[in-house]
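Undergrad: Attaching a single structure in structure tokens format; questions to follow.
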Amino acid sequence: MNAALQEAAETAAVVRTKQGGSTAIPLTVALPLLSHDMEALVTLDLHEEQIGDRGTAELAVALGRNRSLVKLEVWRSHLTQRGATSLAEALKGRQEGLKELNMSSNHDVGDEGATAMADMLMSNSCLDTLWLYSNGLTSRGAVALAESLKHNKTLKLLQVSDNPLIGDEAATAFAGMLSCNSSFERLWAGGCSFSIEGVAALCEGLKKNRTLIGLVLPTTRVGYRGAEVIAEALKVNLTLRQLWLSREDVEVRGLIALGSVLRDYPRTAGFKLPLNDLCTVASRLGLPPEPEGE
């Protein structure tokens, strides 16, 4: 057994099967199962296990041979940019296999790891969900991801929340992506640092987009002016169905602007402002306090 696997000998991997069962087994047992592409194995959960970069390198080798795993959880697993790059290399050029990768709360993944993931997305056509929550990204890493999504047509959800160094440059890049990507559905960017200018840029992309159904924006700095800008975009975009904002940040004035648009430009599938108290808006506009929708 090599050094990496010796370190992982006590690591517990939770595996889940197609039949819905789950069990915890040593990583040293899970990796051969992954390598042999056992179709029954659909989820491998290593969250909060200290597999680190060397363990991730071994995992990447096994993943490169696998075409049946659906979901891989390695959040808070002590990965750095090296571990992220190993996983990205294993997923390059894939047309079948892994659908969801969660690398959240590995703070040293950083822009280099995000750039490796962006490079992978240029040729991967099976991954549909990528979680990079609290991974130490800045605008540079986020811009790389946005640029790759101009070409990738299979990723549906990108989670980059709680990366406070992601700013307006990234918002502008995401706007460009939304203007031309006809398959992307959900952008989670809460805890980033978009100013009113960044929100305005993002909304220009939103006006041209017809596939985004969920958007999480920063809970501070948007303000009522940002809410008014979003409201104007929603007069054009009738496909967005869920929008996460902070009631305290956008204030009643901002919520009234949004509520007025939702009243005058109804969504065909309903609309929700999750995590917000809409009673004030509802009472002033005669809207139901619990909007119907997904």
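Ordering of the structure tokens sets the chain letters (A, B, ...), residue numbers begin anew at 1 in every chain, and ligands are numbered from 1 in the order given.
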Got a sec: who's within 10 Å of A:Ala144, counting only C-alpha atoms, leaving out chain neighbours fewer than 5 positions off, as a list in words?
TA: Asp111, Glu112, Ala114, Thr115, Ala116, Met117, Ala118, Asp119, Ser139, Leu149, Ala170, Ala173 and Phe174 of chain A
Undergrad: Limited to all heavy atoms, could you put the picked residues into a file as a PDB file, in the first residue's frame?
TA:
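File selection-v3.pdb, as written:
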ATOM      1  N   ASP A 111      -8.262  30.305  -6.959  1.00  0.00           N
ATOM      2  CA  ASP A 111      -8.451  30.572  -8.381  1.00  0.00           C
ATOM      3  C   ASP A 111      -7.811  29.523  -9.272  1.00  0.00           C
ATOM      4  O   ASP A 111      -8.327  29.222 -10.357  1.00  0.00           O
ATOM      5  CB  ASP A 111      -7.870  31.950  -8.727  1.00  0.00           C
ATOM      6  CG  ASP A 111      -8.710  33.087  -8.161  1.00  0.00           C
ATOM      7  OD1 ASP A 111      -9.916  32.878  -7.914  1.00  0.00           O
ATOM      8  OD2 ASP A 111      -8.146  34.186  -7.962  1.00  0.00           O
ATOM      9  N   GLU A 112      -6.686  28.961  -8.829  1.00  0.00           N
ATOM     10  CA  GLU A 112      -6.030  27.939  -9.650  1.00  0.00           C
ATOM     11  C   GLU A 112      -6.913  26.707  -9.768  1.00  0.00           C
ATOM     12  O   GLU A 112      -7.056  26.118 -10.852  1.00  0.00           O
ATOM     13  CB  GLU A 112      -4.668  27.567  -9.063  1.00  0.00           C
ATOM     14  CG  GLU A 112      -3.657  28.707  -9.055  1.00  0.00           C
ATOM     15  CD  GLU A 112      -3.419  29.279 -10.443  1.00  0.00           C
ATOM     16  OE1 GLU A 112      -3.409  28.493 -11.420  1.00  0.00           O
ATOM     17  OE2 GLU A 112      -3.267  30.510 -10.556  1.00  0.00           O
ATOM     18  N   ALA A 114     -10.205  26.697  -9.408  1.00  0.00           N
ATOM     19  CA  ALA A 114     -11.369  27.089 -10.197  1.00  0.00           C
ATOM     20  C   ALA A 114     -11.034  27.139 -11.680  1.00  0.00           C
ATOM     21  O   ALA A 114     -11.845  26.739 -12.534  1.00  0.00           O
ATOM     22  CB  ALA A 114     -11.878  28.450  -9.724  1.00  0.00           C
ATOM     23  N   THR A 115      -9.832  27.614 -12.011  1.00  0.00           N
ATOM     24  CA  THR A 115      -9.412  27.668 -13.411  1.00  0.00           C
ATOM     25  C   THR A 115      -9.270  26.267 -13.993  1.00  0.00           C
ATOM     26  O   THR A 115      -9.614  26.028 -15.159  1.00  0.00           O
ATOM     27  CB  THR A 115      -8.094  28.441 -13.540  1.00  0.00           C
ATOM     28  OG1 THR A 115      -8.278  29.773 -13.051  1.00  0.00           O
ATOM     29  CG2 THR A 115      -7.622  28.509 -14.991  1.00  0.00           C
ATOM     30  N   ALA A 116      -8.778  25.334 -13.180  1.00  0.00           N
ATOM     31  CA  ALA A 116      -8.691  23.937 -13.631  1.00  0.00           C
ATOM     32  C   ALA A 116     -10.081  23.383 -13.913  1.00  0.00           C
ATOM     33  O   ALA A 116     -10.298  22.665 -14.896  1.00  0.00           O
ATOM     34  CB  ALA A 116      -7.979  23.093 -12.579  1.00  0.00           C
ATOM     35  N   MET A 117     -11.040  23.717 -13.045  1.00  0.00           N
ATOM     36  CA  MET A 117     -12.414  23.278 -13.270  1.00  0.00           C
ATOM     37  C   MET A 117     -12.994  23.920 -14.533  1.00  0.00           C
ATOM     38  O   MET A 117     -13.708  23.274 -15.302  1.00  0.00           O
ATOM     39  CB  MET A 117     -13.279  23.629 -12.056  1.00  0.00           C
ATOM     40  CG  MET A 117     -13.040  22.745 -10.853  1.00  0.00           C
ATOM     41  SD  MET A 117     -13.666  21.075 -11.130  1.00  0.00           S
ATOM     42  CE  MET A 117     -12.528  20.116 -10.118  1.00  0.00           C
ATOM     43  N   ALA A 118     -12.683  25.184 -14.753  1.00  0.00           N
ATOM     44  CA  ALA A 118     -13.163  25.869 -15.950  1.00  0.00           C
ATOM     45  C   ALA A 118     -12.607  25.213 -17.210  1.00  0.00           C
ATOM     46  O   ALA A 118     -13.332  25.005 -18.197  1.00  0.00           O
ATOM     47  CB  ALA A 118     -12.761  27.340 -15.899  1.00  0.00           C
ATOM     48  N   ASP A 119     -11.335  24.864 -17.169  1.00  0.00           N
ATOM     49  CA  ASP A 119     -10.711  24.190 -18.303  1.00  0.00           C
ATOM     50  C   ASP A 119     -11.387  22.850 -18.564  1.00  0.00           C
ATOM     51  O   ASP A 119     -11.635  22.463 -19.714  1.00  0.00           O
ATOM     52  CB  ASP A 119      -9.220  24.012 -18.018  1.00  0.00           C
ATOM     53  CG  ASP A 119      -8.460  23.487 -19.222  1.00  0.00           C
ATOM     54  OD1 ASP A 119      -8.771  23.909 -20.353  1.00  0.00           O
ATOM     55  OD2 ASP A 119      -7.565  22.642 -19.038  1.00  0.00           O
ATOM     56  N   SER A 139     -12.429  37.163  -8.240  1.00  0.00           N
ATOM     57  CA  SER A 139     -13.047  37.389  -9.548  1.00  0.00           C
ATOM     58  C   SER A 139     -12.320  36.635 -10.655  1.00  0.00           C
ATOM     59  O   SER A 139     -12.944  36.199 -11.634  1.00  0.00           O
ATOM     60  CB  SER A 139     -13.066  38.886  -9.866  1.00  0.00           C
ATOM     61  OG  SER A 139     -14.013  39.558  -9.061  1.00  0.00           O
ATOM     62  N   LEU A 149     -18.400  28.583 -19.443  1.00  0.00           N
ATOM     63  CA  LEU A 149     -19.822  28.282 -19.598  1.00  0.00           C
ATOM     64  C   LEU A 149     -20.425  28.925 -20.844  1.00  0.00           C
ATOM     65  O   LEU A 149     -21.582  28.657 -21.173  1.00  0.00           O
ATOM     66  CB  LEU A 149     -20.589  28.718 -18.346  1.00  0.00           C
ATOM     67  CG  LEU A 149     -20.313  27.866 -17.108  1.00  0.00           C
ATOM     68  CD1 LEU A 149     -21.040  28.420 -15.893  1.00  0.00           C
ATOM     69  CD2 LEU A 149     -20.704  26.415 -17.348  1.00  0.00           C
ATOM     70  N   ALA A 170     -16.512  39.723 -12.140  1.00  0.00           N
ATOM     71  CA  ALA A 170     -17.160  38.422 -12.318  1.00  0.00           C
ATOM     72  C   ALA A 170     -18.630  38.590 -12.690  1.00  0.00           C
ATOM     73  O   ALA A 170     -19.156  37.845 -13.522  1.00  0.00           O
ATOM     74  CB  ALA A 170     -17.030  37.591 -11.047  1.00  0.00           C
ATOM     75  N   ALA A 173     -18.800  39.166 -16.245  1.00  0.00           N
ATOM     76  CA  ALA A 173     -18.517  37.939 -16.982  1.00  0.00           C
ATOM     77  C   ALA A 173     -19.717  36.990 -16.961  1.00  0.00           C
ATOM     78  O   ALA A 173     -20.048  36.363 -17.979  1.00  0.00           O
ATOM     79  CB  ALA A 173     -17.292  37.241 -16.396  1.00  0.00           C
ATOM     80  N   PHE A 174     -20.393  36.908 -15.821  1.00  0.00           N
ATOM     81  CA  PHE A 174     -21.588  36.061 -15.738  1.00  0.00           C
ATOM     82  C   PHE A 174     -22.687  36.615 -16.657  1.00  0.00           C
ATOM     83  O   PHE A 174     -23.453  35.856 -17.249  1.00  0.00           O
ATOM     84  CB  PHE A 174     -22.088  35.965 -14.307  1.00  0.00           C
ATOM     85  CG  PHE A 174     -21.284  35.035 -13.434  1.00  0.00           C
ATOM     86  CD1 PHE A 174     -20.834  35.448 -12.180  1.00  0.00           C
ATOM     87  CD2 PHE A 174     -20.979  33.750 -13.859  1.00  0.00           C
ATOM     88  CE1 PHE A 174     -20.088  34.594 -11.381  1.00  0.00           C
ATOM     89  CE2 PHE A 174     -20.237  32.883 -13.067  1.00  0.00           C
ATOM     90  CZ  PHE A 174     -19.789  33.309 -11.822  1.00  0.00           C
TER      91      PHE A 174
END
Undergrad: Pick out the residues sitting within 9 Å of A:Thr23, and hand them over as a PDB file with N, CA and C atoms, in the first residue's frame; count only C-alpha atoms, and ignore anything fewer than 2 positions along from it in its own chain.
TA:
ATOM      1  N   ALA A  13     -15.569   6.241   3.907  1.00  0.00           N
ATOM      2  CA  ALA A  13     -16.320   6.738   2.757  1.00  0.00           C
ATOM      3  C   ALA A  13     -17.737   6.192   2.846  1.00  0.00           C
ATOM      4  N   VAL A  14     -18.707   7.077   2.748  1.00  0.00           N
ATOM      5  CA  VAL A  14     -20.105   6.636   2.719  1.00  0.00           C
ATOM      6  C   VAL A  14     -20.491   6.418   1.265  1.00  0.00           C
ATOM      7  N   VAL A  15     -20.884   5.209   0.931  1.00  0.00           N
ATOM      8  CA  VAL A  15     -21.295   4.892  -0.433  1.00  0.00           C
ATOM      9  C   VAL A  15     -22.796   4.649  -0.458  1.00  0.00           C
ATOM     10  N   ARG A  16     -23.427   5.132  -1.505  1.00  0.00           N
ATOM     11  CA  ARG A  16     -24.862   4.920  -1.697  1.00  0.00           C
ATOM     12  C   ARG A  16     -25.087   4.215  -3.018  1.00  0.00           C
ATOM     13  N   GLY A  21     -29.702   2.211  -0.589  1.00  0.00           N
ATOM     14  CA  GLY A  21     -28.983   1.866   0.633  1.00  0.00           C
ATOM     15  C   GLY A  21     -27.676   2.615   0.741  1.00  0.00           C
ATOM     16  N   ILE A  25     -17.619   2.541   4.473  1.00  0.00           N
ATOM     17  CA  ILE A  25     -16.539   1.588   4.265  1.00  0.00           C
ATOM     18  C   ILE A  25     -15.227   2.357   4.181  1.00  0.00           C
TER      19      ILE A  25
END
Undergrad: Residues of stretch 182-277 of chain A that approach stretch 153-169 of chain A to 7 Å or less, counting only C-alpha atoms: could you list each one with the shortest pair of atoms and its distance in Å to one decimal, rows by chain and increasing residue number, as CSV?
TA:
residue,atom,partner,partner_atom,distance
A:Ser183,CA,A:Lys153,CA,5.8
A:Phe184,CA,A:Lys156,CA,4.5
A:Glu185,CA,A:Lys156,CA,4.9
A:Arg186,CA,A:Leu157,CA,4.6
A:Leu187,CA,A:Leu158,CA,5.3
A:Trp188,CA,A:Gln159,CA,4.7
A:Ala189,CA,A:Ser161,CA,4.4
A:Gly190,CA,A:Ser161,CA,4.5
A:Gly191,CA,A:Asp162,CA,4.2
A:Cys192,CA,A:Pro164,CA,4.4
A:Ser193,CA,A:Gly167,CA,4.7
A:Phe194,CA,A:Gly167,CA,5.0
A:Ser195,CA,A:Asp168,CA,6.6
A:Gly198,CA,A:Asp168,CA,4.4
Undergrad: Could you save those same residues with all heavy atoms as an mmCIF file, in the first residue's frame?
TA:
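Written out: selection_21.cif:
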data_model
loop_
_atom_site.group_PDB
_atom_site.id
_atom_site.type_symbol
_atom_site.label_atom_id
_atom_site.label_comp_id
_atom_site.auth_asym_id
_atom_site.auth_seq_id
_atom_site.Cartn_x
_atom_site.Cartn_y
_atom_site.Cartn_z
ATOM 1 N N SER A 183 -28.691 26.930 -21.857
ATOM 2 C CA SER A 183 -29.028 25.732 -21.085
ATOM 3 C C SER A 183 -28.805 25.894 -19.587
ATOM 4 O O SER A 183 -29.366 25.138 -18.798
ATOM 5 C CB SER A 183 -28.207 24.532 -21.586
ATOM 6 O OG SER A 183 -26.816 24.809 -21.519
ATOM 7 N N PHE A 184 -28.031 26.872 -19.162
ATOM 8 C CA PHE A 184 -27.705 27.081 -17.753
ATOM 9 C C PHE A 184 -28.949 27.531 -16.991
ATOM 10 O O PHE A 184 -29.736 28.340 -17.479
ATOM 11 C CB PHE A 184 -26.602 28.132 -17.644
ATOM 12 C CG PHE A 184 -26.029 28.296 -16.267
ATOM 13 C CD1 PHE A 184 -25.223 27.325 -15.714
ATOM 14 C CD2 PHE A 184 -26.293 29.444 -15.529
ATOM 15 C CE1 PHE A 184 -24.683 27.482 -14.443
ATOM 16 C CE2 PHE A 184 -25.764 29.608 -14.265
ATOM 17 C CZ PHE A 184 -24.956 28.625 -13.716
ATOM 18 N N GLU A 185 -29.142 27.006 -15.744
ATOM 19 C CA GLU A 185 -30.396 27.240 -15.033
ATOM 20 C C GLU A 185 -30.271 27.933 -13.677
ATOM 21 O O GLU A 185 -31.202 28.636 -13.270
ATOM 22 C CB GLU A 185 -31.126 25.910 -14.817
ATOM 23 C CG GLU A 185 -31.580 25.254 -16.120
ATOM 24 C CD GLU A 185 -32.309 23.957 -15.893
ATOM 25 O OE1 GLU A 185 -32.345 23.476 -14.727
ATOM 26 O OE2 GLU A 185 -32.849 23.402 -16.873
ATOM 27 N N ARG A 186 -29.168 27.752 -12.953
ATOM 28 C CA ARG A 186 -29.109 28.303 -11.599
ATOM 29 C C ARG A 186 -27.709 28.827 -11.292
ATOM 30 O O ARG A 186 -26.729 28.108 -11.445
ATOM 31 C CB ARG A 186 -29.489 27.224 -10.557
ATOM 32 C CG ARG A 186 -30.967 26.839 -10.600
ATOM 33 C CD ARG A 186 -31.269 25.722 -9.587
ATOM 34 N NE ARG A 186 -32.695 25.486 -9.473
ATOM 35 C CZ ARG A 186 -33.393 24.674 -10.271
ATOM 36 N NH1 ARG A 186 -32.769 24.031 -11.247
ATOM 37 N NH2 ARG A 186 -34.692 24.515 -10.097
ATOM 38 N N LEU A 187 -27.665 30.091 -10.822
ATOM 39 C CA LEU A 187 -26.419 30.716 -10.395
ATOM 40 C C LEU A 187 -26.574 31.136 -8.939
ATOM 41 O O LEU A 187 -27.408 31.989 -8.616
ATOM 42 C CB LEU A 187 -26.104 31.940 -11.262
ATOM 43 C CG LEU A 187 -24.865 32.758 -10.858
ATOM 44 C CD1 LEU A 187 -23.605 31.904 -10.944
ATOM 45 C CD2 LEU A 187 -24.743 34.007 -11.725
ATOM 46 N N TRP A 188 -25.773 30.543 -8.079
ATOM 47 C CA TRP A 188 -25.797 30.865 -6.651
ATOM 48 C C TRP A 188 -24.557 31.715 -6.360
ATOM 49 O O TRP A 188 -23.440 31.233 -6.376
ATOM 50 C CB TRP A 188 -25.749 29.606 -5.801
ATOM 51 C CG TRP A 188 -26.905 28.647 -5.777
ATOM 52 C CD1 TRP A 188 -26.890 27.426 -5.143
ATOM 53 C CD2 TRP A 188 -28.227 28.766 -6.334
ATOM 54 N NE1 TRP A 188 -28.113 26.796 -5.292
ATOM 55 C CE2 TRP A 188 -28.952 27.596 -6.008
ATOM 56 C CE3 TRP A 188 -28.867 29.758 -7.077
ATOM 57 C CZ2 TRP A 188 -30.271 27.395 -6.403
ATOM 58 C CZ3 TRP A 188 -30.185 29.547 -7.487
ATOM 59 C CH2 TRP A 188 -30.868 28.393 -7.140
ATOM 60 N N ALA A 189 -24.769 33.000 -6.065
ATOM 61 C CA ALA A 189 -23.653 33.925 -5.833
ATOM 62 C C ALA A 189 -23.860 34.740 -4.566
ATOM 63 O O ALA A 189 -23.406 35.877 -4.479
ATOM 64 C CB ALA A 189 -23.458 34.834 -7.042
ATOM 65 N N GLY A 190 -24.534 34.181 -3.587
ATOM 66 C CA GLY A 190 -24.689 34.870 -2.310
ATOM 67 C C GLY A 190 -23.348 34.976 -1.607
ATOM 68 O O GLY A 190 -22.497 34.097 -1.720
ATOM 69 N N GLY A 191 -23.140 36.072 -0.899
ATOM 70 C CA GLY A 191 -21.871 36.226 -0.195
ATOM 71 C C GLY A 191 -20.730 36.670 -1.084
ATOM 72 O O GLY A 191 -19.578 36.726 -0.644
ATOM 73 N N CYS A 192 -21.020 36.981 -2.352
ATOM 74 C CA CYS A 192 -20.025 37.623 -3.207
ATOM 75 C C CYS A 192 -20.125 39.133 -2.995
ATOM 76 O O CYS A 192 -20.886 39.597 -2.153
ATOM 77 C CB CYS A 192 -20.256 37.232 -4.664
ATOM 78 S SG CYS A 192 -20.021 35.455 -4.988
ATOM 79 N N SER A 193 -19.363 39.911 -3.735
ATOM 80 C CA SER A 193 -19.297 41.362 -3.481
ATOM 81 C C SER A 193 -19.657 42.159 -4.715
ATOM 82 O O SER A 193 -18.853 42.927 -5.250
ATOM 83 C CB SER A 193 -17.894 41.738 -2.985
ATOM 84 O OG SER A 193 -17.597 41.092 -1.764
ATOM 85 N N PHE A 194 -20.893 41.980 -5.192
ATOM 86 C CA PHE A 194 -21.362 42.758 -6.332
ATOM 87 C C PHE A 194 -21.899 44.099 -5.836
ATOM 88 O O PHE A 194 -22.720 44.149 -4.928
ATOM 89 C CB PHE A 194 -22.497 42.029 -7.064
ATOM 90 C CG PHE A 194 -22.141 40.673 -7.599
ATOM 91 C CD1 PHE A 194 -23.140 39.765 -7.937
ATOM 92 C CD2 PHE A 194 -20.827 40.288 -7.776
ATOM 93 C CE1 PHE A 194 -22.839 38.516 -8.431
ATOM 94 C CE2 PHE A 194 -20.497 39.037 -8.266
ATOM 95 C CZ PHE A 194 -21.513 38.141 -8.601
ATOM 96 N N SER A 195 -21.451 45.156 -6.443
ATOM 97 C CA SER A 195 -22.015 46.482 -6.157
ATOM 98 C C SER A 195 -23.251 46.689 -7.023
ATOM 99 O O SER A 195 -23.634 45.815 -7.816
ATOM 100 C CB SER A 195 -20.979 47.567 -6.454
ATOM 101 O OG SER A 195 -20.752 47.647 -7.852
ATOM 102 N N GLY A 198 -22.299 46.086 -10.533
ATOM 103 C CA GLY A 198 -22.212 44.677 -10.881
ATOM 104 C C GLY A 198 -23.580 44.052 -11.087
ATOM 105 O O GLY A 198 -23.789 43.267 -12.021
#
Undergrad: What does the distance from atom CA of A:Asn209 to atom CA of A:Asn135 come to in Å, to one decimal?
TA: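 These two atoms are separated by 27.3 Å.
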Undergrad: I'd like the interatomic distance between atom CA of A:His47 and atom CA of A:Ser77, to a tenth of an Å.
TA: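 These atoms are spaced 5.7 Å apart.
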Undergrad: Mind checking DSSP for stretch 158-248 of chain A and telling me the alpha helix (DSSP H) residues as a PyMOL selection string?
TA: chain A and resi 168-180+196-208+223-234+247-248
Undergrad: When you count only C-alpha atoms, which of these residues is closest to A:Thr17: A:His36, A:Lys71, A:Arg140, A:Arg54?
TA: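 The closest residue to A:Thr17 is A:Lys71.
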Undergrad: Near stretch 90-102 of chain A, counting only C-alpha atoms, which residues have an atom at most 9 Å away, once you skip same-chain residues fewer than 3 positions from it, shown as a PyMOL selection string?
TA: chain A and resi 42+47+60-75+85-87+119-133+155
Undergrad: Env of stretch 232-235 of chain A: 12 Å cut, atoms = only C-alpha atoms, seq-sep filter 5 positions within chain, self excluded. Answer as a VMD selection string.
TA: chain A and resid 199 to 210 212 to 213 225 to 227 240 to 243 254 257 to 267 271
Undergrad: Write the residues you've just listed into a file as a compact mmCIF listing (two decimals), in the first residue's frame, and include N, CA, C and O atoms for each of them.
TA:
# COMPACT_ATOMS: atom_id res chain seq x y z
N VAL A 199 -24.52 44.40 -10.21
CA VAL A 199 -25.88 43.89 -10.35
C VAL A 199 -26.50 44.38 -11.66
O VAL A 199 -27.18 43.64 -12.37
N ALA A 200 -26.26 45.65 -11.99
CA ALA A 200 -26.79 46.20 -13.24
C ALA A 200 -26.23 45.46 -14.45
O ALA A 200 -26.96 45.16 -15.41
N ALA A 201 -24.93 45.16 -14.41
CA ALA A 201 -24.31 44.41 -15.51
C ALA A 201 -24.93 43.03 -15.63
O ALA A 201 -25.27 42.56 -16.73
N LEU A 202 -25.09 42.36 -14.49
CA LEU A 202 -25.69 41.03 -14.49
C LEU A 202 -27.10 41.06 -15.06
O LEU A 202 -27.52 40.16 -15.79
N CYS A 203 -27.84 42.10 -14.74
CA CYS A 203 -29.22 42.22 -15.22
C CYS A 203 -29.29 42.40 -16.73
O CYS A 203 -30.28 42.00 -17.36
N GLU A 204 -28.26 42.99 -17.33
CA GLU A 204 -28.25 43.10 -18.78
C GLU A 204 -28.19 41.72 -19.41
O GLU A 204 -28.82 41.47 -20.44
N GLY A 205 -27.42 40.83 -18.80
CA GLY A 205 -27.40 39.45 -19.28
C GLY A 205 -28.71 38.75 -19.03
O GLY A 205 -29.18 37.94 -19.84
N LEU A 206 -29.33 39.04 -17.88
CA LEU A 206 -30.60 38.43 -17.53
C LEU A 206 -31.69 38.80 -18.53
O LEU A 206 -32.57 38.00 -18.85
N LYS A 207 -31.63 40.01 -19.05
CA LYS A 207 -32.64 40.45 -20.03
C LYS A 207 -32.58 39.62 -21.31
O LYS A 207 -33.60 39.43 -21.98
N LYS A 208 -31.40 39.10 -21.63
CA LYS A 208 -31.22 38.33 -22.87
C LYS A 208 -31.37 36.83 -22.65
O LYS A 208 -31.46 36.08 -23.62
N ASN A 209 -31.43 36.41 -21.40
CA ASN A 209 -31.44 34.99 -21.07
C ASN A 209 -32.86 34.45 -20.99
O ASN A 209 -33.75 35.14 -20.49
N ARG A 210 -33.05 33.19 -21.42
CA ARG A 210 -34.37 32.58 -21.38
C ARG A 210 -34.36 31.22 -20.68
O ARG A 210 -35.34 30.47 -20.76
N LEU A 212 -32.41 30.74 -17.32
CA LEU A 212 -32.12 30.82 -15.90
C LEU A 212 -33.43 30.82 -15.11
O LEU A 212 -34.32 31.62 -15.37
N ILE A 213 -33.51 29.91 -14.12
CA ILE A 213 -34.72 29.85 -13.30
C ILE A 213 -34.45 30.17 -11.83
O ILE A 213 -35.39 30.41 -11.07
N ARG A 225 -31.85 50.37 -4.89
CA ARG A 225 -31.57 50.69 -6.29
C ARG A 225 -31.28 49.44 -7.09
O ARG A 225 -31.69 49.31 -8.25
N GLY A 226 -30.56 48.49 -6.47
CA GLY A 226 -30.31 47.22 -7.14
C GLY A 226 -31.60 46.46 -7.39
O GLY A 226 -31.79 45.85 -8.45
N ALA A 227 -32.50 46.49 -6.39
CA ALA A 227 -33.79 45.82 -6.55
C ALA A 227 -34.59 46.44 -7.69
O ALA A 227 -35.26 45.74 -8.46
N LEU A 240 -37.25 33.58 -15.12
CA LEU A 240 -36.71 33.44 -13.77
C LEU A 240 -37.85 33.18 -12.80
O LEU A 240 -38.86 33.89 -12.81
N ARG A 241 -37.68 32.18 -11.94
CA ARG A 241 -38.76 31.80 -11.03
C ARG A 241 -38.39 31.93 -9.56
O ARG A 241 -39.27 31.95 -8.70
N GLN A 242 -37.10 31.98 -9.25
CA GLN A 242 -36.68 32.11 -7.86
C GLN A 242 -35.54 33.12 -7.76
O GLN A 242 -34.57 33.05 -8.50
N LEU A 243 -35.70 34.06 -6.83
CA LEU A 243 -34.71 35.11 -6.63
C LEU A 243 -34.47 35.28 -5.14
O LEU A 243 -35.41 35.58 -4.39
N GLY A 254 -37.49 48.64 -2.41
CA GLY A 254 -37.05 47.68 -3.42
C GLY A 254 -38.03 46.54 -3.59
O GLY A 254 -38.29 46.08 -4.72
N ALA A 257 -40.96 47.63 -5.66
CA ALA A 257 -40.62 47.65 -7.09
C ALA A 257 -40.71 46.25 -7.68
O ALA A 257 -41.28 46.04 -8.76
N LEU A 258 -40.14 45.26 -6.97
CA LEU A 258 -40.20 43.88 -7.44
C LEU A 258 -41.64 43.38 -7.47
O LEU A 258 -42.08 42.74 -8.43
N GLY A 259 -42.38 43.66 -6.39
CA GLY A 259 -43.76 43.20 -6.32
C GLY A 259 -44.62 43.77 -7.42
O GLY A 259 -45.48 43.08 -7.98
N SER A 260 -44.40 45.04 -7.76
CA SER A 260 -45.18 45.68 -8.82
C SER A 260 -44.95 44.99 -10.16
O SER A 260 -45.88 44.77 -10.94
N VAL A 261 -43.69 44.64 -10.43
CA VAL A 261 -43.37 43.97 -11.69
C VAL A 261 -44.01 42.58 -11.72
O VAL A 261 -44.55 42.15 -12.74
N LEU A 262 -43.96 41.88 -10.60
CA LEU A 262 -44.54 40.53 -10.56
C LEU A 262 -46.06 40.58 -10.72
O LEU A 262 -46.66 39.64 -11.22
N ARG A 263 -46.65 41.68 -10.28
CA ARG A 263 -48.09 41.84 -10.47
C ARG A 263 -48.42 42.14 -11.94
O ARG A 263 -49.35 41.56 -12.51
N ASP A 264 -47.64 43.02 -12.55
CA ASP A 264 -47.94 43.48 -13.90
C ASP A 264 -47.37 42.59 -14.99
O ASP A 264 -47.83 42.62 -16.13
N TYR A 265 -46.32 41.83 -14.66
CA TYR A 265 -45.69 40.93 -15.62
C TYR A 265 -45.63 39.53 -14.99
O TYR A 265 -44.58 39.06 -14.57
N PRO A 266 -46.77 38.85 -14.89
CA PRO A 266 -46.81 37.57 -14.17
C PRO A 266 -45.98 36.49 -14.84
O PRO A 266 -45.89 36.42 -16.07
N ARG A 267 -45.36 35.65 -14.01
CA ARG A 267 -44.60 34.50 -14.51
C ARG A 267 -45.58 33.38 -14.83
O ARG A 267 -46.50 33.12 -14.06
N PHE A 271 -43.68 32.62 -9.16
CA PHE A 271 -42.41 33.24 -8.78
C PHE A 271 -42.29 33.24 -7.27
O PHE A 271 -43.28 33.38 -6.56
Undergrad: Given only C-alpha atoms as the basis, pick out the residue of A:Asn237, A:Gln81, A:Thr172, A:Ser182 nearest to A:Glu197.
TA: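 Ranked by minimum distance to A:Glu197, first place goes to A:Thr172.
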Undergrad: Would you return as a list in words the members of stretch 137-197 of chain A that DSSP assigns to strand (DSSP E) on this structure's backbone?
TA: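 Those in stretch 137-197 of chain A that DSSP calls strand (DSSP E) are Leu157, Leu158, Gln159, Arg186, Leu187 and Trp188 of chain A.
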Undergrad: Store the residues picked out above in a file with N, CA and C atoms, as a CSV table (one decimal), in the first residue's frame.
TA:
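After the write, again34.csv holds the following:
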chain,number,residue,atom,x,y,z
A,157,LEU,N,-26.1,24.1,-12.8
A,157,LEU,CA,-26.1,24.8,-11.5
A,157,LEU,C,-24.6,25.1,-11.2
A,158,LEU,N,-24.3,26.3,-10.9
A,158,LEU,CA,-22.9,26.7,-10.4
A,158,LEU,C,-23.1,27.4,-9.1
A,159,GLN,N,-22.5,26.9,-8.0
A,159,GLN,CA,-22.5,27.5,-6.7
A,159,GLN,C,-21.2,28.1,-6.4
A,186,ARG,N,-29.2,27.8,-13.0
A,186,ARG,CA,-29.1,28.3,-11.6
A,186,ARG,C,-27.7,28.8,-11.3
A,187,LEU,N,-27.7,30.1,-10.8
A,187,LEU,CA,-26.4,30.7,-10.4
A,187,LEU,C,-26.6,31.1,-8.9
A,188,TRP,N,-25.8,30.5,-8.1
A,188,TRP,CA,-25.8,30.9,-6.7
A,188,TRP,C,-24.6,31.7,-6.4
Undergrad: Given the choices A:Asp108, A:Asp249, A:Asp37, A:Glu147, which gets closest to A:Ile196 if the distance is worked out from only C-alpha atoms?
TA: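 When distances to A:Ile196 are compared using only C-alpha atoms, the smallest one comes from A:Asp249.
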Undergrad: Expressed in Å to a single decimal, how great is the separation between atom CA of A:Cys180 and atom CA of A:His151?
TA: 8.9 Å
